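First up is the structure itself, then whatever we jot down about it.
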Amino acid sequence: MEDLDIRVLRTAYEWLGQGWPVVLVTVARTWGSSPRPAGSLMAINALGHTVGSVSGGCIEDDLIHRVRGEGVEAVCAGGRPTTLRYGISADQAHRFGLPCGGTVELVLEPVSQRSRLPELLAACQARRSTERVLDLRTGEVVLQPGARDGLPVLSDTHLSTHFGPRLRLIVIGAGDLSRFLSEMALSLGFEVVVCDPREEQQQSWSLPGVTLTREMPDDLIVRLQPDARTAVVTLTHDPKLDDLALIDALRSQAFYVGAIGSRRHAAHRRERLHEHFGLTPAELQRLHGPAGIYIGSKTPAEIALSIMAELVAAKNGVIADVSRPVAAGKALQDIAAGGRLGAGWQDRA
């Protein structure tokens with residue numbers, strides 16, 4: 001599944017190529033509660049067709065009504081970008097479905113060749129962090145290297161937005177668990193790469209939208225050079241494969257590195273990576289193992305959900321204390337059961 005921002009940009013440019021006037025809408029600022037965060041995108045063409053969203057639907061309905069009835073000029077006078085605020089009064093908040101009197105400020109931009117959408121899409125595809133600076137007076141756009149993340153910055157004359165590389169998940173091991181994990185990641189907009197050099201594992205494994213490779217895990221990690229928008233999860237239970245990926249992944253910029261396995265095997269893994277491969281305590285501190293948050297998971301689908309929840313929490317900067325890692329949850333379960341190991345599949349030796 002395509003990243004939503006990329007889908008909005010790509011669709012807007014396709015509509016332009018088909019001859020339809022198009023408006024690109026960006027949530028520039030919000031105050032109070034808002035259904036969509038700053039930076040959210042939506043495109044509307046002259047037929048009223050949309051992709052993306054900037055609210056729960058009521059603002060979209062208003063914009064669609066105006067564009068259909070009066071054309072793009074109704075929202076972009078003179079063919080130039082403009083700003084609109086919704087929800088300033090309690091009456092507007094009620095009318096447009098903004099909760100608790102929230103306010104949203106939008107920048108509406110008529111899409112043209114000046115918008116430089118093909119270049120921006122190419123930069124995203126090449127995993128280059130890009131800042132897009134729109135001149136509100138002329139509609140001209142400047143693209144330049146930028147931070148991988150960042151809130152929009154709106155002034156009287158310019159709107160700056162940031163487009164980072166697409167989120168990417170590298171999975172080591174092709175199996176039932178990796179299939180569920182990959183499906184969840186795809187639905188969340190991740191690019192997914194599954195690596196398994198074992199021919200017998202590959203023969204029955206396929207999933208549309210996922211890149212499957214037979215490289216050795218260490219070769220793949222070195223080739224892809226995980227950046228701060230990449231997560232790596234090892235699922236084979238085979239140290240000869242998992243460790244190869246973990247050594248380089250833990251020394252990369254990956255925002256999440258996780259490994260499946262029991263608590264006993266996780267402890268042995270840390271000792272092995274330190275004693276035989278020279279990983280430092282700081283590097284090992286980055287390893288989530290057993291991967292996931294504790295939800296009492298037993299089936300492959302539930303374990304995948306546990307791992308994906310922890311991965312998304314890491315992406316969003318949620319501190320570890322908010323959720324209980326699998327190891328801590330299992331330990332408490334042991335205490336509650338009088339020292340008896342839980343039956344969860346994640347803690348099998």
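All residue names refer to the structure tokens as shown: chains lettered A, B, ... in order, residues numbered from 1 in each chain, ligands numbered from 1 in order.
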
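Every protein, DNA or RNA residue with an atom at most 12 Å from Ala282 in chain A, where only C-alpha atoms count and chain neighbours fewer than 4 positions away do not, is listed here: Leu250, Arg251, Arg270, His274, Gly278, Arg286 and Leu287 of chain A.
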
Range 60-285 of chain A: which residues are strand (DSSP E) by DSSP, as a ChimeraX atom specification? /A:82-86,103-110,130-135,141-145,153-154,158-163,168-172,191-195,210-213,230-234,256-259

Of the residues A:Val171, A:Ala123, A:Leu16, A:Ile221, which is the one nearest to Asp248 in chain A, using only C-alpha atoms? A:Ile221

Residue set, range 198-249 of chain A restricted to helix (DSSP H, G or I), as a compact mmCIF listing (two decimals) with C-alpha atoms, in the first residue's frame:
# COMPACT_ATOMS: atom_id res chain seq x y z
CA GLU A 199 15.06 -21.59 -0.62
CA GLU A 200 12.48 -23.79 1.09
CA GLN A 201 11.06 -20.79 2.96
CA GLN A 202 10.75 -18.70 -0.19
CA PRO A 217 20.81 -10.64 5.97
CA ASP A 218 24.10 -8.83 6.58
CA ASP A 219 24.51 -8.12 2.86
CA LEU A 220 20.99 -6.69 2.73
CA ILE A 221 21.49 -4.43 5.75
CA VAL A 222 24.80 -3.13 4.37
CA ARG A 223 23.20 -2.50 0.97
CA LEU A 224 20.09 -0.72 2.28
CA PRO A 239 21.29 -17.05 15.13
CA LYS A 240 23.18 -17.65 11.89
CA LEU A 241 20.64 -15.41 10.14
CA ASP A 242 19.23 -13.14 12.84
CA ASP A 243 22.59 -12.18 14.33
CA LEU A 244 23.99 -11.23 10.93
CA ALA A 245 21.22 -8.65 10.51
CA LEU A 246 21.31 -7.41 14.12
CA ILE A 247 25.04 -6.66 14.16
CA ASP A 248 24.77 -4.04 11.43
CA ALA A 249 21.21 -2.92 12.20

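Distance-wise, CA of Val25 in chain A and CA of Gly39 in chain A end up 9.6 Å apart.
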
Of the candidates A:Thr230, A:Val104, A:Asp238, A:Leu177, which one gets nearest to Ile303 in chain A if we count only C-alpha atoms?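 Among the listed residues, the smallest separation from Ile303 in chain A belongs to A:Leu177.
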
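Near His268 in chain A, within 12 Å and counting only C-alpha atoms, sit Pro239, Asp243, Gly261, Ser262, Arg263, Leu273, His274, Glu275, His276, Gly289, Pro290 and Ala349 of chain A, not including residues fewer than 5 positions from it in the same chain.
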
Restricting the calculation to only C-alpha atoms: of A:Val193, A:Ala304, A:Leu41, A:Val8, which residue gets closest to Leu167 in chain A?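 Nearest to Leu167 in chain A: A:Val193.
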
Between CA of Ala126 in chain A and CA of Pro197 in chain A, what is the spacing in Å?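 It comes out at 25.7 Å.
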
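Shortest atom-to-atom contact with Ser187 in chain A among A:Gly71, A:Gly173, A:Pro81, A:Gly209: A:Gly209, counting only C-alpha atoms.
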
Compare A:Glu215, A:Glu302, A:Glu119, A:Asp3 by their minimum atom-to-atom distance to Glu191 in chain A, counting only C-alpha atoms, and give me the closest one. A:Asp3

Between CA of His265 in chain A and CA of Thr299 in chain A, distance in Å (one decimal):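 Atom-to-atom, CA of His265 in chain A to CA of Thr299 in chain A, that is 19.4 Å.
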